[in-house]
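This report concerns only the one structure given below.
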Amino acid sequence: MMQASTYHFLQQNPKFAHFVRFNPVWYRYLTRDPYRIMELEKASKQFYGKTFSQQVDKVGNHVQMVNMLINLSEVMRD
């Protein structure tokens with residue numbers, strides 16, 4: 001059974017609760033060792049694409065898309 005403090009943390013942070021629902025192994029991890037909350041936060045960030053490298057890649061993709069659209073508009077204008 002999960003500790004009350006861990007359960008309360010998941011209730012206060014719905015994104016983490018959602019992550020645990022999609023990754024039930026984390027329910028077992030937190031039940032056995034409730035101090036793995038920091039690891040849960042890191043894994044959740046990676047799952048949701050919130051790590052720094054993932055966000056840099058996302059911005060890079062957007063810049064590349066805008067550049068492609070600009071090039072396309074220049075070709076269409078000629």
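In the structure tokens, each chain is lettered A, B, ... as it comes, each chain's residues begin at 1, and ligands are numbered from 1 in order of appearance.
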
Quiz prompt | alpha helix (DSSP H) call set, DSSP backbone run, chain A, as number ranges by chain | solution = A: 4-12, 14-22, 25-32, 37-48, 52-77

Practice problem: Can you pull out every residue within 12 Å of Ile37 of chain A, counting only C-alpha atoms, but drop anything in the same chain fewer than 4 positions away, and send it as a ChimeraX atom specification? | Solution: /A:5-7,9-10,13,16-17,20,26-27,29-33,41-44

Quiz item: segment 46-59 of chain A: which residues within 12 Å, counting only C-alpha atoms, same-chain residues fewer than 4 positions away excluded, as an MDAnalysis selection string?
Solution: chainID A and resid 15:16 18:20 22:23 39:42 63:66

Once you have the residues from the selection above, write them out as a compact mmCIF listing (two decimals), in the first residue's frame, restricted to all heavy atoms.
```
# COMPACT_ATOMS: atom_id res chain seq x y z
N LYS A 15 -0.26 15.71 -13.19
CA LYS A 15 0.58 15.21 -14.28
C LYS A 15 1.38 13.99 -13.84
O LYS A 15 1.56 13.06 -14.61
CB LYS A 15 1.52 16.29 -14.81
CG LYS A 15 0.83 17.30 -15.67
CD LYS A 15 1.82 18.15 -16.41
CE LYS A 15 1.06 19.04 -17.36
NZ LYS A 15 1.95 19.79 -18.23
N PHE A 16 1.85 14.02 -12.60
CA PHE A 16 2.58 12.86 -12.10
C PHE A 16 1.64 11.67 -11.91
O PHE A 16 2.01 10.53 -12.20
CB PHE A 16 3.29 13.19 -10.78
CG PHE A 16 4.39 14.21 -10.93
CD1 PHE A 16 4.55 15.21 -10.01
CD2 PHE A 16 5.27 14.16 -12.01
CE1 PHE A 16 5.56 16.14 -10.13
CE2 PHE A 16 6.28 15.10 -12.15
CZ PHE A 16 6.43 16.09 -11.21
N HIS A 18 -1.02 11.08 -13.64
CA HIS A 18 -1.30 10.62 -15.00
C HIS A 18 -0.14 9.77 -15.51
O HIS A 18 -0.34 8.72 -16.12
CB HIS A 18 -1.53 11.83 -15.91
CG HIS A 18 -1.96 11.49 -17.28
ND1 HIS A 18 -1.08 11.50 -18.33
CD2 HIS A 18 -3.16 11.10 -17.77
CE1 HIS A 18 -1.73 11.15 -19.43
NE2 HIS A 18 -2.98 10.90 -19.11
N PHE A 19 1.08 10.22 -15.24
CA PHE A 19 2.26 9.47 -15.65
C PHE A 19 2.29 8.10 -14.98
O PHE A 19 2.59 7.09 -15.63
CB PHE A 19 3.53 10.26 -15.30
CG PHE A 19 4.79 9.50 -15.54
CD1 PHE A 19 5.26 9.30 -16.83
CD2 PHE A 19 5.52 8.98 -14.48
CE1 PHE A 19 6.43 8.60 -17.06
CE2 PHE A 19 6.69 8.28 -14.71
CZ PHE A 19 7.14 8.09 -16.00
N VAL A 20 1.97 8.04 -13.70
CA VAL A 20 1.96 6.77 -12.98
C VAL A 20 0.89 5.84 -13.55
O VAL A 20 1.10 4.63 -13.66
CB VAL A 20 1.77 6.99 -11.46
CG1 VAL A 20 1.52 5.69 -10.73
CG2 VAL A 20 2.99 7.70 -10.88
N PHE A 22 -0.06 5.69 -16.66
CA PHE A 22 0.44 5.17 -17.93
C PHE A 22 1.66 4.27 -17.76
O PHE A 22 2.01 3.53 -18.67
CB PHE A 22 0.77 6.32 -18.89
CG PHE A 22 -0.41 6.79 -19.66
CD1 PHE A 22 -1.15 7.87 -19.23
CD2 PHE A 22 -0.80 6.15 -20.83
CE1 PHE A 22 -2.25 8.31 -19.92
CE2 PHE A 22 -1.90 6.57 -21.53
CZ PHE A 22 -2.63 7.66 -21.08
N ASN A 23 2.33 4.38 -16.63
CA ASN A 23 3.52 3.59 -16.33
C ASN A 23 3.36 2.93 -14.96
O ASN A 23 3.93 3.40 -13.97
CB ASN A 23 4.76 4.48 -16.36
CG ASN A 23 4.96 5.14 -17.70
OD1 ASN A 23 5.41 4.51 -18.64
ND2 ASN A 23 4.57 6.40 -17.79
N GLU A 39 13.14 10.78 -8.89
CA GLU A 39 13.29 9.98 -10.10
C GLU A 39 12.00 10.00 -10.91
O GLU A 39 12.03 10.04 -12.14
CB GLU A 39 13.64 8.53 -9.75
CG GLU A 39 15.02 8.34 -9.18
CD GLU A 39 15.28 6.90 -8.81
OE1 GLU A 39 15.00 6.01 -9.64
OE2 GLU A 39 15.76 6.67 -7.69
N LEU A 40 10.87 9.99 -10.21
CA LEU A 40 9.57 10.06 -10.88
C LEU A 40 9.46 11.37 -11.64
O LEU A 40 8.99 11.39 -12.78
CB LEU A 40 8.43 9.95 -9.86
CG LEU A 40 7.03 10.23 -10.39
CD1 LEU A 40 6.55 9.08 -11.26
CD2 LEU A 40 6.07 10.48 -9.25
N GLU A 41 9.90 12.47 -11.05
CA GLU A 41 9.84 13.77 -11.71
C GLU A 41 10.69 13.78 -12.97
O GLU A 41 10.25 14.28 -14.02
CB GLU A 41 10.28 14.87 -10.75
CG GLU A 41 9.30 15.10 -9.61
CD GLU A 41 9.79 16.14 -8.62
OE1 GLU A 41 10.79 16.82 -8.89
OE2 GLU A 41 9.15 16.26 -7.56
N LYS A 42 11.88 13.20 -12.92
CA LYS A 42 12.76 13.15 -14.09
C LYS A 42 12.12 12.30 -15.20
O LYS A 42 12.12 12.69 -16.37
CB LYS A 42 14.12 12.59 -13.71
CG LYS A 42 14.96 13.52 -12.90
CD LYS A 42 16.29 12.88 -12.55
CE LYS A 42 17.09 13.77 -11.62
NZ LYS A 42 18.35 13.11 -11.21
N VAL A 63 11.72 26.21 -36.06
CA VAL A 63 12.51 27.14 -36.86
C VAL A 63 12.72 26.58 -38.26
O VAL A 63 12.60 27.30 -39.26
CB VAL A 63 13.87 27.44 -36.17
CG1 VAL A 63 14.81 28.17 -37.11
CG2 VAL A 63 13.65 28.24 -34.90
N GLN A 64 13.00 25.31 -38.35
CA GLN A 64 13.19 24.66 -39.65
C GLN A 64 11.90 24.73 -40.48
O GLN A 64 11.95 24.98 -41.68
CB GLN A 64 13.62 23.22 -39.43
CG GLN A 64 14.06 22.50 -40.68
CD GLN A 64 14.54 21.09 -40.36
OE1 GLN A 64 14.16 20.49 -39.36
NE2 GLN A 64 15.39 20.57 -41.23
N MET A 65 10.76 24.53 -39.83
CA MET A 65 9.47 24.59 -40.53
C MET A 65 9.21 26.00 -41.04
O MET A 65 8.77 26.19 -42.18
CB MET A 65 8.33 24.15 -39.61
CG MET A 65 6.96 24.23 -40.26
SD MET A 65 6.74 23.06 -41.60
CE MET A 65 6.48 21.57 -40.69
N VAL A 66 9.46 27.00 -40.22
CA VAL A 66 9.26 28.39 -40.63
C VAL A 66 10.18 28.74 -41.80
O VAL A 66 9.76 29.38 -42.77
CB VAL A 66 9.47 29.36 -39.44
CG1 VAL A 66 9.55 30.79 -39.91
CG2 VAL A 66 8.37 29.19 -38.42
```
